[in-house]
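Trainee: Input structure: final28.cif, which contains mmCIF, N, CA and C atoms.
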data_target
#
loop_
_atom_site.label_atom_id
_atom_site.label_comp_id
_atom_site.auth_asym_id
_atom_site.auth_seq_id
_atom_site.Cartn_x
_atom_site.Cartn_y
_atom_site.Cartn_z
N MET A 1 0.16 7.17 7.33
CA MET A 1 1.53 6.91 6.99
C MET A 1 2.34 6.55 8.22
N ALA A 2 1.99 7.15 9.34
CA ALA A 2 2.75 6.92 10.56
C ALA A 2 2.71 5.45 10.97
N ASP A 3 1.61 4.78 10.73
CA ASP A 3 1.47 3.39 11.15
C ASP A 3 2.02 2.38 10.14
N ALA A 4 2.30 2.83 8.94
CA ALA A 4 2.78 1.92 7.89
C ALA A 4 4.28 1.67 8.03
N GLU A 5 4.68 0.47 7.72
CA GLU A 5 6.10 0.11 7.68
C GLU A 5 6.73 0.61 6.38
N LEU A 6 5.93 0.58 5.31
CA LEU A 6 6.41 0.93 3.98
C LEU A 6 5.32 1.69 3.24
N VAL A 7 5.71 2.78 2.58
CA VAL A 7 4.78 3.54 1.74
C VAL A 7 5.51 3.84 0.44
N PHE A 8 4.89 3.47 -0.68
CA PHE A 8 5.52 3.75 -1.96
C PHE A 8 4.47 4.00 -3.04
N ILE A 9 4.92 4.67 -4.09
CA ILE A 9 4.13 4.85 -5.29
C ILE A 9 4.64 3.80 -6.26
N GLY A 10 3.72 3.03 -6.82
CA GLY A 10 4.16 1.96 -7.69
C GLY A 10 3.21 1.69 -8.83
N ARG A 11 3.70 0.88 -9.74
CA ARG A 11 2.89 0.41 -10.87
C ARG A 11 2.71 -1.09 -10.71
N VAL A 12 1.48 -1.53 -10.82
CA VAL A 12 1.17 -2.95 -10.65
C VAL A 12 1.73 -3.72 -11.84
N GLU A 13 2.52 -4.75 -11.54
CA GLU A 13 3.01 -5.65 -12.59
C GLU A 13 2.06 -6.82 -12.79
N ARG A 14 1.78 -7.53 -11.69
CA ARG A 14 0.89 -8.70 -11.79
C ARG A 14 0.42 -9.11 -10.41
N THR A 15 -0.71 -9.81 -10.40
CA THR A 15 -1.27 -10.36 -9.17
C THR A 15 -1.43 -11.86 -9.37
N ALA A 16 -0.96 -12.63 -8.39
CA ALA A 16 -1.09 -14.09 -8.45
C ALA A 16 -2.49 -14.51 -8.03
N ALA A 17 -2.85 -15.73 -8.36
CA ALA A 17 -4.14 -16.29 -7.92
C ALA A 17 -4.08 -16.48 -6.40
N PRO A 18 -5.21 -16.28 -5.71
CA PRO A 18 -5.22 -16.47 -4.26
C PRO A 18 -4.85 -17.90 -3.88
N GLY A 19 -4.13 -18.02 -2.75
CA GLY A 19 -3.77 -19.32 -2.22
C GLY A 19 -4.90 -19.90 -1.38
N VAL A 20 -4.67 -21.05 -0.77
CA VAL A 20 -5.69 -21.70 0.03
C VAL A 20 -6.08 -20.87 1.25
N ASP A 21 -5.19 -19.99 1.70
CA ASP A 21 -5.50 -19.13 2.85
C ASP A 21 -6.26 -17.87 2.44
N GLY A 22 -6.55 -17.74 1.14
CA GLY A 22 -7.29 -16.57 0.65
C GLY A 22 -6.40 -15.37 0.37
N MET A 23 -5.11 -15.48 0.66
CA MET A 23 -4.18 -14.39 0.41
C MET A 23 -3.61 -14.51 -1.00
N THR A 24 -3.31 -13.38 -1.58
CA THR A 24 -2.65 -13.34 -2.88
C THR A 24 -1.44 -12.43 -2.78
N LYS A 25 -0.64 -12.41 -3.80
CA LYS A 25 0.54 -11.55 -3.85
C LYS A 25 0.48 -10.72 -5.11
N THR A 26 0.74 -9.42 -4.93
CA THR A 26 0.82 -8.51 -6.06
C THR A 26 2.23 -7.97 -6.12
N ARG A 27 2.78 -7.99 -7.32
CA ARG A 27 4.14 -7.47 -7.54
C ARG A 27 4.02 -6.08 -8.16
N PHE A 28 4.79 -5.14 -7.60
CA PHE A 28 4.78 -3.75 -8.03
C PHE A 28 6.18 -3.32 -8.46
N VAL A 29 6.25 -2.42 -9.43
CA VAL A 29 7.47 -1.67 -9.70
C VAL A 29 7.38 -0.46 -8.78
N ALA A 30 8.32 -0.32 -7.87
CA ALA A 30 8.31 0.80 -6.93
C ALA A 30 8.97 2.00 -7.60
N LEU A 31 8.19 3.02 -7.87
CA LEU A 31 8.70 4.20 -8.56
C LEU A 31 9.29 5.21 -7.59
N ARG A 32 8.66 5.34 -6.45
CA ARG A 32 9.16 6.28 -5.43
C ARG A 32 8.75 5.75 -4.07
N THR A 33 9.71 5.62 -3.17
CA THR A 33 9.43 5.17 -1.82
C THR A 33 9.34 6.39 -0.92
N LEU A 34 8.22 6.50 -0.21
CA LEU A 34 7.98 7.64 0.67
C LEU A 34 8.32 7.32 2.12
N LYS A 35 8.31 6.04 2.47
CA LYS A 35 8.67 5.62 3.82
C LYS A 35 9.21 4.21 3.73
N GLY A 36 10.32 3.95 4.39
CA GLY A 36 10.93 2.63 4.36
C GLY A 36 12.08 2.58 3.37
N GLU A 37 12.67 1.41 3.27
CA GLU A 37 13.81 1.21 2.37
C GLU A 37 13.33 1.03 0.94
N HIS A 38 13.96 1.74 0.02
CA HIS A 38 13.56 1.62 -1.39
C HIS A 38 14.11 0.34 -2.01
N GLN A 39 13.26 -0.33 -2.76
CA GLN A 39 13.64 -1.44 -3.63
C GLN A 39 12.91 -1.21 -4.94
N ASP A 40 13.53 -1.59 -6.05
CA ASP A 40 12.93 -1.34 -7.35
C ASP A 40 11.63 -2.10 -7.57
N SER A 41 11.47 -3.23 -6.92
CA SER A 41 10.20 -3.97 -7.01
C SER A 41 9.84 -4.47 -5.62
N ARG A 42 8.55 -4.63 -5.43
CA ARG A 42 8.01 -5.09 -4.14
C ARG A 42 6.89 -6.07 -4.39
N THR A 43 6.82 -7.08 -3.53
CA THR A 43 5.70 -8.01 -3.54
C THR A 43 4.95 -7.84 -2.24
N ILE A 44 3.67 -7.55 -2.34
CA ILE A 44 2.83 -7.28 -1.17
C ILE A 44 1.70 -8.30 -1.14
N GLU A 45 1.45 -8.88 0.02
CA GLU A 45 0.36 -9.85 0.19
C GLU A 45 -0.91 -9.12 0.61
N HIS A 46 -2.05 -9.69 0.19
CA HIS A 46 -3.33 -9.10 0.57
C HIS A 46 -4.45 -10.07 0.23
N HIS A 47 -5.57 -9.89 0.91
CA HIS A 47 -6.79 -10.61 0.56
C HIS A 47 -7.42 -9.89 -0.63
N THR A 48 -8.31 -10.59 -1.33
CA THR A 48 -9.02 -9.95 -2.45
C THR A 48 -10.52 -9.85 -2.21
N VAL A 49 -11.03 -10.48 -1.16
CA VAL A 49 -12.45 -10.46 -0.84
C VAL A 49 -12.72 -9.31 0.13
N SER A 50 -13.70 -8.47 -0.19
CA SER A 50 -13.96 -7.29 0.64
C SER A 50 -14.36 -7.65 2.07
N ALA A 51 -14.98 -8.80 2.28
CA ALA A 51 -15.37 -9.21 3.64
C ALA A 51 -14.15 -9.43 4.54
N THR A 52 -12.99 -9.63 3.94
CA THR A 52 -11.75 -9.78 4.72
C THR A 52 -10.84 -8.59 4.48
N CYS A 53 -11.45 -7.44 4.20
CA CYS A 53 -10.73 -6.18 3.92
C CYS A 53 -9.82 -6.32 2.70
N GLY A 54 -10.26 -7.13 1.74
CA GLY A 54 -9.46 -7.38 0.56
C GLY A 54 -9.40 -6.23 -0.42
N MET A 55 -8.36 -6.24 -1.22
CA MET A 55 -8.15 -5.23 -2.25
C MET A 55 -7.81 -5.93 -3.56
N THR A 56 -8.13 -5.30 -4.66
CA THR A 56 -7.73 -5.82 -5.96
C THR A 56 -6.93 -4.76 -6.69
N TYR A 57 -5.99 -5.21 -7.49
CA TYR A 57 -5.15 -4.32 -8.28
C TYR A 57 -5.20 -4.77 -9.73
N GLU A 58 -5.20 -3.82 -10.64
CA GLU A 58 -5.20 -4.10 -12.08
C GLU A 58 -3.80 -3.87 -12.62
N ALA A 59 -3.36 -4.71 -13.55
CA ALA A 59 -2.05 -4.55 -14.18
C ALA A 59 -1.92 -3.15 -14.76
N ASP A 60 -0.74 -2.57 -14.61
CA ASP A 60 -0.37 -1.24 -15.09
C ASP A 60 -1.05 -0.10 -14.35
N GLN A 61 -1.78 -0.39 -13.28
CA GLN A 61 -2.40 0.64 -12.45
C GLN A 61 -1.31 1.30 -11.60
N TYR A 62 -1.38 2.62 -11.45
CA TYR A 62 -0.47 3.35 -10.58
C TYR A 62 -1.17 3.59 -9.25
N VAL A 63 -0.52 3.22 -8.15
CA VAL A 63 -1.15 3.29 -6.84
C VAL A 63 -0.15 3.74 -5.77
N ILE A 64 -0.71 4.20 -4.67
CA ILE A 64 0.07 4.40 -3.45
C ILE A 64 -0.21 3.20 -2.58
N VAL A 65 0.83 2.54 -2.11
CA VAL A 65 0.68 1.36 -1.27
C VAL A 65 1.18 1.69 0.13
N LEU A 66 0.33 1.44 1.12
CA LEU A 66 0.70 1.54 2.52
C LEU A 66 0.70 0.12 3.05
N ALA A 67 1.86 -0.37 3.48
CA ALA A 67 1.99 -1.76 3.88
C ALA A 67 2.54 -1.88 5.29
N GLY A 68 2.09 -2.92 5.95
CA GLY A 68 2.61 -3.27 7.27
C GLY A 68 3.46 -4.52 7.15
N ALA A 69 4.22 -4.80 8.18
CA ALA A 69 5.06 -6.00 8.19
C ALA A 69 4.51 -6.97 9.22
N GLU A 70 4.30 -8.20 8.79
CA GLU A 70 3.82 -9.27 9.67
C GLU A 70 4.65 -10.51 9.41
N GLY A 71 5.33 -11.00 10.42
CA GLY A 71 6.10 -12.22 10.26
C GLY A 71 7.10 -12.17 9.12
N GLY A 72 7.72 -11.01 8.90
CA GLY A 72 8.69 -10.87 7.84
C GLY A 72 8.10 -10.65 6.46
N ARG A 73 6.77 -10.57 6.38
CA ARG A 73 6.10 -10.36 5.09
C ARG A 73 5.43 -9.00 5.08
N LEU A 74 5.38 -8.37 3.93
CA LEU A 74 4.68 -7.10 3.77
C LEU A 74 3.26 -7.39 3.31
N SER A 75 2.30 -6.72 3.94
CA SER A 75 0.91 -6.93 3.56
C SER A 75 0.15 -5.62 3.64
N THR A 76 -0.98 -5.59 2.96
CA THR A 76 -1.85 -4.42 3.00
C THR A 76 -3.29 -4.91 3.00
N SER A 77 -4.22 -3.98 3.23
CA SER A 77 -5.63 -4.34 3.25
C SER A 77 -6.46 -3.10 2.93
N LEU A 78 -7.74 -3.31 2.78
CA LEU A 78 -8.67 -2.22 2.52
C LEU A 78 -8.56 -1.17 3.63
N CYS A 79 -8.30 -1.62 4.83
CA CYS A 79 -8.19 -0.70 5.97
C CYS A 79 -6.93 0.15 5.90
N GLN A 80 -5.99 -0.18 5.03
CA GLN A 80 -4.76 0.59 4.87
C GLN A 80 -4.74 1.34 3.55
N GLN A 81 -5.86 1.42 2.88
CA GLN A 81 -5.88 2.10 1.59
C GLN A 81 -5.63 3.60 1.78
N PRO A 82 -5.04 4.25 0.79
CA PRO A 82 -4.82 5.70 0.87
C PRO A 82 -6.14 6.44 1.03
N MET A 83 -6.14 7.42 1.91
CA MET A 83 -7.37 8.18 2.18
C MET A 83 -7.22 9.66 1.82
N PHE A 84 -6.07 10.03 1.29
CA PHE A 84 -5.80 11.43 0.99
C PHE A 84 -5.36 11.56 -0.46
N ASP A 85 -5.29 12.79 -0.92
CA ASP A 85 -4.81 13.08 -2.26
C ASP A 85 -3.33 12.70 -2.37
N TRP A 86 -2.90 12.30 -3.55
CA TRP A 86 -1.49 11.92 -3.77
C TRP A 86 -0.54 13.00 -3.29
N SER A 87 -0.88 14.27 -3.51
CA SER A 87 0.02 15.36 -3.13
C SER A 87 0.28 15.38 -1.63
N ASP A 88 -0.70 14.97 -0.83
CA ASP A 88 -0.50 14.93 0.62
C ASP A 88 0.55 13.88 0.99
N TYR A 89 0.52 12.74 0.33
CA TYR A 89 1.51 11.69 0.60
C TYR A 89 2.89 12.13 0.13
N LEU A 90 2.95 12.81 -1.00
CA LEU A 90 4.24 13.29 -1.49
C LEU A 90 4.85 14.31 -0.53
N LYS A 91 4.04 15.23 -0.03
CA LYS A 91 4.53 16.21 0.94
C LYS A 91 5.00 15.53 2.22
N ALA A 92 4.22 14.59 2.70
CA ALA A 92 4.59 13.88 3.93
C ALA A 92 5.87 13.07 3.72
N GLY A 93 6.05 12.50 2.55
CA GLY A 93 7.25 11.74 2.25
C GLY A 93 8.49 12.60 2.16
N ASP A 94 8.32 13.87 1.81
CA ASP A 94 9.45 14.79 1.71
C ASP A 94 9.78 15.46 3.04
N ALA A 95 8.88 15.36 4.01
CA ALA A 95 9.09 16.01 5.31
C ALA A 95 10.11 15.23 6.13
N PRO A 96 10.78 15.92 7.05
CA PRO A 96 11.67 15.20 7.97
C PRO A 96 10.87 14.15 8.74
N PRO A 97 11.51 13.06 9.19
CA PRO A 97 10.78 11.95 9.83
C PRO A 97 9.83 12.35 10.94
N GLN A 98 10.17 13.30 11.78
CA GLN A 98 9.29 13.65 12.88
C GLN A 98 8.02 14.35 12.41
N GLN A 99 7.97 14.75 11.14
CA GLN A 99 6.80 15.46 10.62
C GLN A 99 5.97 14.60 9.67
N THR A 100 6.25 13.31 9.55
CA THR A 100 5.55 12.51 8.56
C THR A 100 4.21 11.98 9.03
N ALA A 101 3.91 12.05 10.33
CA ALA A 101 2.62 11.55 10.81
C ALA A 101 1.51 12.42 10.26
N MET A 102 0.46 11.77 9.75
CA MET A 102 -0.70 12.48 9.23
C MET A 102 -1.88 12.19 10.14
N ALA A 103 -2.61 13.20 10.48
CA ALA A 103 -3.76 13.02 11.35
C ALA A 103 -4.84 12.26 10.59
N THR A 104 -5.30 11.17 11.18
CA THR A 104 -6.38 10.41 10.57
C THR A 104 -7.37 10.04 11.65
N SER A 105 -8.60 9.87 11.26
CA SER A 105 -9.60 9.41 12.21
C SER A 105 -9.57 7.89 12.22
N PRO A 106 -10.02 7.27 13.31
CA PRO A 106 -10.06 5.81 13.34
C PRO A 106 -10.91 5.29 12.19
N ILE A 107 -10.49 4.21 11.59
CA ILE A 107 -11.20 3.66 10.45
C ILE A 107 -11.31 2.15 10.62
N ASN A 108 -12.40 1.62 10.17
CA ASN A 108 -12.52 0.15 10.13
C ASN A 108 -12.99 -0.21 8.74
N CYS A 109 -13.01 -1.49 8.47
CA CYS A 109 -13.34 -1.92 7.11
C CYS A 109 -14.74 -1.50 6.69
N ALA A 110 -15.67 -1.46 7.62
CA ALA A 110 -17.05 -1.08 7.27
C ALA A 110 -17.08 0.36 6.76
N THR A 111 -16.38 1.27 7.42
CA THR A 111 -16.40 2.67 6.97
C THR A 111 -15.52 2.85 5.76
N ALA A 112 -14.49 2.04 5.59
CA ALA A 112 -13.60 2.17 4.44
C ALA A 112 -14.32 1.86 3.14
N ARG A 113 -15.31 0.99 3.18
CA ARG A 113 -16.05 0.63 1.96
C ARG A 113 -17.12 1.66 1.61
N ALA A 114 -17.48 2.50 2.56
CA ALA A 114 -18.56 3.47 2.33
C ALA A 114 -18.14 4.55 1.36
#
Would it be possible to restate this file's structure as structure tokens?
Mentor:
Amino acid sequence: MADAELVFIGRVERTAAPGVDGMTKTRFVALRTLKGEHQDSRTIEHHTVSATCGMTYEADQYVIVLAGAEGGRLSTSLCQQPMFDWSDYLKAGDAPPQQTAMATSPINCATARA
């Protein structure tokens, strides 16, 4: 959570078809924002192919999204997927800002798929 620009619990509305760059956009209804500015809906870019740390989302799926900001766009990847129980993210989101960092071990896409 400490490295993410935005963390929220959301419901997947829809995912667009990938563009020529292999990136797609998924639109979420943001139910609760744990880090960052709350907006009722969010569009997050991501790859869908696992070889590029891609992720897929199903319509109406409830998820925790950890997103970074690149060039004014929010994006996520397999390497940013939640690694803890939902309750851990909720507790961290309720903590004062100086206490929101969660200890994590270094991760790369190869270990994230295991």
Trainee: Could you pull the residues within 5 Å of Val12 of chain A, counting only N, CA and C atoms, minus those fewer than 2 positions along the same chain, as an NGL selection string?
Mentor: :A and (10 or 14 or 27-28 or 59-61)
Trainee: So that I have them on file, write out the residues from the current selection with N, CA and C atoms, as a PDB file, in the frame of the given file.
Mentor:
ATOM      1  N   GLY A  10       3.720   3.030  -6.820  1.00  0.00           N
ATOM      2  CA  GLY A  10       4.160   1.960  -7.690  1.00  0.00           C
ATOM      3  C   GLY A  10       3.210   1.690  -8.830  1.00  0.00           C
ATOM      4  N   ARG A  14       1.780  -7.530 -11.690  1.00  0.00           N
ATOM      5  CA  ARG A  14       0.890  -8.700 -11.790  1.00  0.00           C
ATOM      6  C   ARG A  14       0.420  -9.110 -10.410  1.00  0.00           C
ATOM      7  N   ARG A  27       2.780  -7.990  -7.320  1.00  0.00           N
ATOM      8  CA  ARG A  27       4.140  -7.470  -7.540  1.00  0.00           C
ATOM      9  C   ARG A  27       4.020  -6.080  -8.160  1.00  0.00           C
ATOM     10  N   PHE A  28       4.790  -5.140  -7.600  1.00  0.00           N
ATOM     11  CA  PHE A  28       4.780  -3.750  -8.030  1.00  0.00           C
ATOM     12  C   PHE A  28       6.180  -3.320  -8.460  1.00  0.00           C
ATOM     13  N   ALA A  59      -3.360  -4.710 -13.550  1.00  0.00           N
ATOM     14  CA  ALA A  59      -2.050  -4.550 -14.180  1.00  0.00           C
ATOM     15  C   ALA A  59      -1.920  -3.150 -14.760  1.00  0.00           C
ATOM     16  N   ASP A  60      -0.740  -2.570 -14.610  1.00  0.00           N
ATOM     17  CA  ASP A  60      -0.370  -1.240 -15.090  1.00  0.00           C
ATOM     18  C   ASP A  60      -1.050  -0.100 -14.350  1.00  0.00           C
ATOM     19  N   GLN A  61      -1.780  -0.390 -13.280  1.00  0.00           N
ATOM     20  CA  GLN A  61      -2.400   0.640 -12.450  1.00  0.00           C
ATOM     21  C   GLN A  61      -1.310   1.300 -11.600  1.00  0.00           C
TER      22      GLN A  61
END
Trainee: Quick one: DSSP helix (DSSP H, G or I) residues in segment 5-110 of chain A, as JSON, numbers by chain?
Mentor: {"A": [50, 51, 52, 78, 79, 80, 86, 87, 88, 89, 90, 91, 92, 93, 94, 97, 98, 99, 109, 110]}
Trainee: What's the 8 Å shell around Thr24 of chain A, counting all atoms listed in the file, without same-chain residues fewer than 4 positions away, as a ChimeraX atom specification?
Mentor: /A:15-20,43-48
Trainee: Write out as number ranges by chain all residues of segment 11-82 of chain A that DSSP puts in strand (DSSP E) for this structure's backbone.
Mentor: A: 11-15, 23-35, 41-47, 62-70, 73-75
Trainee: Can you report as JSON the centre and edge lengths in Å, to one decimal, of an axis-aligned box around the listed atoms of segment 50-68 of chain A padded with 5 Å on each side?
Mentor:
{"center_x": -6.0, "center_y": -2.7, "center_z": -3.9, "size_x": 28.8, "size_y": 24.2, "size_z": 32.4}
Trainee: Record the distance separating atom C of Pro82 of chain A and atom CA of Met1 of chain A, expressed in Å with one decimal.
Mentor: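 Separation between atom C of Pro82 of chain A and atom CA of Met1 of chain A: 9.7 Å.
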Trainee: Name the closest residue to Trp86 of chain A among the candidates A:Ala51, A:Ala2, A:Val7, A:Val29; distances are taken between atoms, counting only C-alpha atoms.
Mentor: A:Val7
Trainee: Here is a test: counting only C-alpha atoms, which residue of A:Asp3, A:Glu13, A:Asp94, A:Asp40 is nearest to Ala67 of chain A?
Mentor: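 Of all the options, A:Asp3 lies closest to Ala67 of chain A.
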Trainee: Could you tell me how far atom N of Arg11 of chain A sits from atom C of Val49 of chain A, in Å to one decimal place?
Mentor: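 Value for the atom C of Val49 of chain A-atom N of Arg11 of chain A distance: 21.7 Å.
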Trainee: A:Leu6, A:Ala30, A:Ile64, A:Ala69: which is nearest Gln81 of chain A, counting only N, CA and C atoms?
Mentor: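 Comparing A:Leu6, A:Ala30, A:Ile64, A:Ala69 against Gln81 of chain A, the winner is A:Ile64.
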Trainee: Nearest residue to Glu70 of chain A out of A:Ser41, A:Glu5, A:Leu90, A:Gly54, using only C-alpha atoms?
Mentor: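 Result for the nearest residue to Glu70 of chain A: A:Glu5.
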Trainee: I need the output of the PyMOL selection byres ((chain A and resi 32) around 5) for this file as a PyMOL selection string; which residues are they?
Mentor: chain A and resi 8-9+30-31+33-34
Trainee: Grab the residues selected above and save them as a PDB file, in the coordinates of the input with N, CA and C atoms.
Mentor:
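Now in part37.pdb:
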ATOM      1  N   PHE A   8       4.890   3.470  -0.680  1.00  0.00           N
ATOM      2  CA  PHE A   8       5.520   3.750  -1.960  1.00  0.00           C
ATOM      3  C   PHE A   8       4.470   4.000  -3.040  1.00  0.00           C
ATOM      4  N   ILE A   9       4.920   4.670  -4.090  1.00  0.00           N
ATOM      5  CA  ILE A   9       4.130   4.850  -5.290  1.00  0.00           C
ATOM      6  C   ILE A   9       4.640   3.800  -6.260  1.00  0.00           C
ATOM      7  N   ALA A  30       8.320  -0.320  -7.870  1.00  0.00           N
ATOM      8  CA  ALA A  30       8.310   0.800  -6.930  1.00  0.00           C
ATOM      9  C   ALA A  30       8.970   2.000  -7.600  1.00  0.00           C
ATOM     10  N   LEU A  31       8.190   3.020  -7.870  1.00  0.00           N
ATOM     11  CA  LEU A  31       8.700   4.200  -8.560  1.00  0.00           C
ATOM     12  C   LEU A  31       9.290   5.210  -7.590  1.00  0.00           C
ATOM     13  N   THR A  33       9.710   5.620  -3.170  1.00  0.00           N
ATOM     14  CA  THR A  33       9.430   5.170  -1.820  1.00  0.00           C
ATOM     15  C   THR A  33       9.340   6.390  -0.920  1.00  0.00           C
ATOM     16  N   LEU A  34       8.220   6.500  -0.210  1.00  0.00           N
ATOM     17  CA  LEU A  34       7.980   7.640   0.670  1.00  0.00           C
ATOM     18  C   LEU A  34       8.320   7.320   2.120  1.00  0.00           C
TER      19      LEU A  34
END
Trainee: Enter the distance from atom N of Thr26 of chain A to atom C of Arg42 of chain A, in Å, rounded to one decimal.
Mentor: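 Taking atom N of Thr26 of chain A and atom C of Arg42 of chain A, their separation equals 7.0 Å.
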Trainee: Considering all atoms listed in the file, can you say which of A:Lys91, A:Cys79, A:Gly36, A:Gly71 comes closest to Met55 of chain A?
Mentor: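 Residue with the minimum atom-to-atom distance to Met55 of chain A: A:Cys79.
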Trainee: Taking the block just given, write segment 20-28 of chain A to a file that holds all heavy atoms, as a PDB file, in the first residue's frame.
Mentor:
ATOM      1  N   VAL A  20      -3.663  -1.173 -29.415  1.00  0.00           N
ATOM      2  CA  VAL A  20      -2.505  -1.645 -30.165  1.00  0.00           C
ATOM      3  C   VAL A  20      -1.268  -1.783 -29.283  1.00  0.00           C
ATOM      4  O   VAL A  20      -0.377  -2.567 -29.581  1.00  0.00           O
ATOM      5  CB  VAL A  20      -2.192  -0.737 -31.378  1.00  0.00           C
ATOM      6  CG1 VAL A  20      -3.304  -0.823 -32.406  1.00  0.00           C
ATOM      7  CG2 VAL A  20      -1.965   0.695 -30.949  1.00  0.00           C
ATOM      8  N   ASP A  21      -1.220  -1.048 -28.181  1.00  0.00           N
ATOM      9  CA  ASP A  21      -0.080  -1.143 -27.264  1.00  0.00           C
ATOM     10  C   ASP A  21      -0.229  -2.288 -26.269  1.00  0.00           C
ATOM     11  O   ASP A  21       0.621  -2.508 -25.418  1.00  0.00           O
ATOM     12  CB  ASP A  21       0.124   0.174 -26.522  1.00  0.00           C
ATOM     13  CG  ASP A  21      -1.065   0.563 -25.657  1.00  0.00           C
ATOM     14  OD1 ASP A  21      -2.105  -0.133 -25.690  1.00  0.00           O
ATOM     15  OD2 ASP A  21      -0.960   1.590 -24.946  1.00  0.00           O
ATOM     16  N   GLY A  22      -1.332  -3.046 -26.377  1.00  0.00           N
ATOM     17  CA  GLY A  22      -1.562  -4.176 -25.478  1.00  0.00           C
ATOM     18  C   GLY A  22      -2.207  -3.787 -24.162  1.00  0.00           C
ATOM     19  O   GLY A  22      -2.530  -4.639 -23.352  1.00  0.00           O
ATOM     20  N   MET A  23      -2.415  -2.495 -23.947  1.00  0.00           N
ATOM     21  CA  MET A  23      -3.040  -2.021 -22.718  1.00  0.00           C
ATOM     22  C   MET A  23      -4.552  -1.969 -22.898  1.00  0.00           C
ATOM     23  O   MET A  23      -5.048  -1.744 -23.993  1.00  0.00           O
ATOM     24  CB  MET A  23      -2.536  -0.614 -22.354  1.00  0.00           C
ATOM     25  CG  MET A  23      -1.063  -0.546 -21.998  1.00  0.00           C
ATOM     26  SD  MET A  23      -0.682  -1.273 -20.402  1.00  0.00           S
ATOM     27  CE  MET A  23      -1.205   0.010 -19.295  1.00  0.00           C
ATOM     28  N   THR A  24      -5.253  -2.187 -21.818  1.00  0.00           N
ATOM     29  CA  THR A  24      -6.703  -2.058 -21.811  1.00  0.00           C
ATOM     30  C   THR A  24      -7.101  -1.170 -20.651  1.00  0.00           C
ATOM     31  O   THR A  24      -6.268  -0.820 -19.810  1.00  0.00           O
ATOM     32  CB  THR A  24      -7.387  -3.445 -21.714  1.00  0.00           C
ATOM     33  OG1 THR A  24      -8.775  -3.279 -21.949  1.00  0.00           O
ATOM     34  CG2 THR A  24      -7.162  -4.092 -20.369  1.00  0.00           C
ATOM     35  N   LYS A  25      -8.347  -0.804 -20.590  1.00  0.00           N
ATOM     36  CA  LYS A  25      -8.867   0.024 -19.505  1.00  0.00           C
ATOM     37  C   LYS A  25     -10.050  -0.687 -18.880  1.00  0.00           C
ATOM     38  O   LYS A  25     -10.927  -1.182 -19.574  1.00  0.00           O
ATOM     39  CB  LYS A  25      -9.320   1.386 -20.037  1.00  0.00           C
ATOM     40  CG  LYS A  25      -8.188   2.217 -20.580  1.00  0.00           C
ATOM     41  CD  LYS A  25      -8.699   3.536 -21.120  1.00  0.00           C
ATOM     42  CE  LYS A  25      -7.533   4.330 -21.708  1.00  0.00           C
ATOM     43  NZ  LYS A  25      -7.987   5.622 -22.246  1.00  0.00           N
ATOM     44  N   THR A  26     -10.034  -0.725 -17.552  1.00  0.00           N
ATOM     45  CA  THR A  26     -11.159  -1.281 -16.805  1.00  0.00           C
ATOM     46  C   THR A  26     -11.764  -0.167 -15.976  1.00  0.00           C
ATOM     47  O   THR A  26     -11.045   0.587 -15.319  1.00  0.00           O
ATOM     48  CB  THR A  26     -10.718  -2.450 -15.909  1.00  0.00           C
ATOM     49  OG1 THR A  26     -10.234  -3.512 -16.744  1.00  0.00           O
ATOM     50  CG2 THR A  26     -11.865  -2.975 -15.062  1.00  0.00           C
ATOM     51  N   ARG A  27     -13.083  -0.084 -16.034  1.00  0.00           N
ATOM     52  CA  ARG A  27     -13.814   0.924 -15.261  1.00  0.00           C
ATOM     53  C   ARG A  27     -14.402   0.250 -14.026  1.00  0.00           C
ATOM     54  O   ARG A  27     -15.003  -0.830 -14.114  1.00  0.00           O
ATOM     55  CB  ARG A  27     -14.914   1.553 -16.098  1.00  0.00           C
ATOM     56  CG  ARG A  27     -15.628   2.682 -15.405  1.00  0.00           C
ATOM     57  CD  ARG A  27     -16.494   3.436 -16.405  1.00  0.00           C
ATOM     58  NE  ARG A  27     -17.204   4.503 -15.783  1.00  0.00           N
ATOM     59  CZ  ARG A  27     -16.706   5.718 -15.571  1.00  0.00           C
ATOM     60  NH1 ARG A  27     -15.484   5.995 -15.942  1.00  0.00           N
ATOM     61  NH2 ARG A  27     -17.436   6.647 -14.991  1.00  0.00           N
ATOM     62  N   PHE A  28     -14.211   0.896 -12.880  1.00  0.00           N
ATOM     63  CA  PHE A  28     -14.669   0.388 -11.593  1.00  0.00           C
ATOM     64  C   PHE A  28     -15.609   1.387 -10.929  1.00  0.00           C
ATOM     65  O   PHE A  28     -15.426   2.591 -11.079  1.00  0.00           O
ATOM     66  CB  PHE A  28     -13.489   0.209 -10.626  1.00  0.00           C
ATOM     67  CG  PHE A  28     -12.441  -0.750 -11.079  1.00  0.00           C
ATOM     68  CD1 PHE A  28     -11.388  -0.327 -11.878  1.00  0.00           C
ATOM     69  CD2 PHE A  28     -12.476  -2.077 -10.681  1.00  0.00           C
ATOM     70  CE1 PHE A  28     -10.392  -1.200 -12.289  1.00  0.00           C
ATOM     71  CE2 PHE A  28     -11.489  -2.962 -11.087  1.00  0.00           C
ATOM     72  CZ  PHE A  28     -10.453  -2.523 -11.893  1.00  0.00           C
TER      73      PHE A  28
END
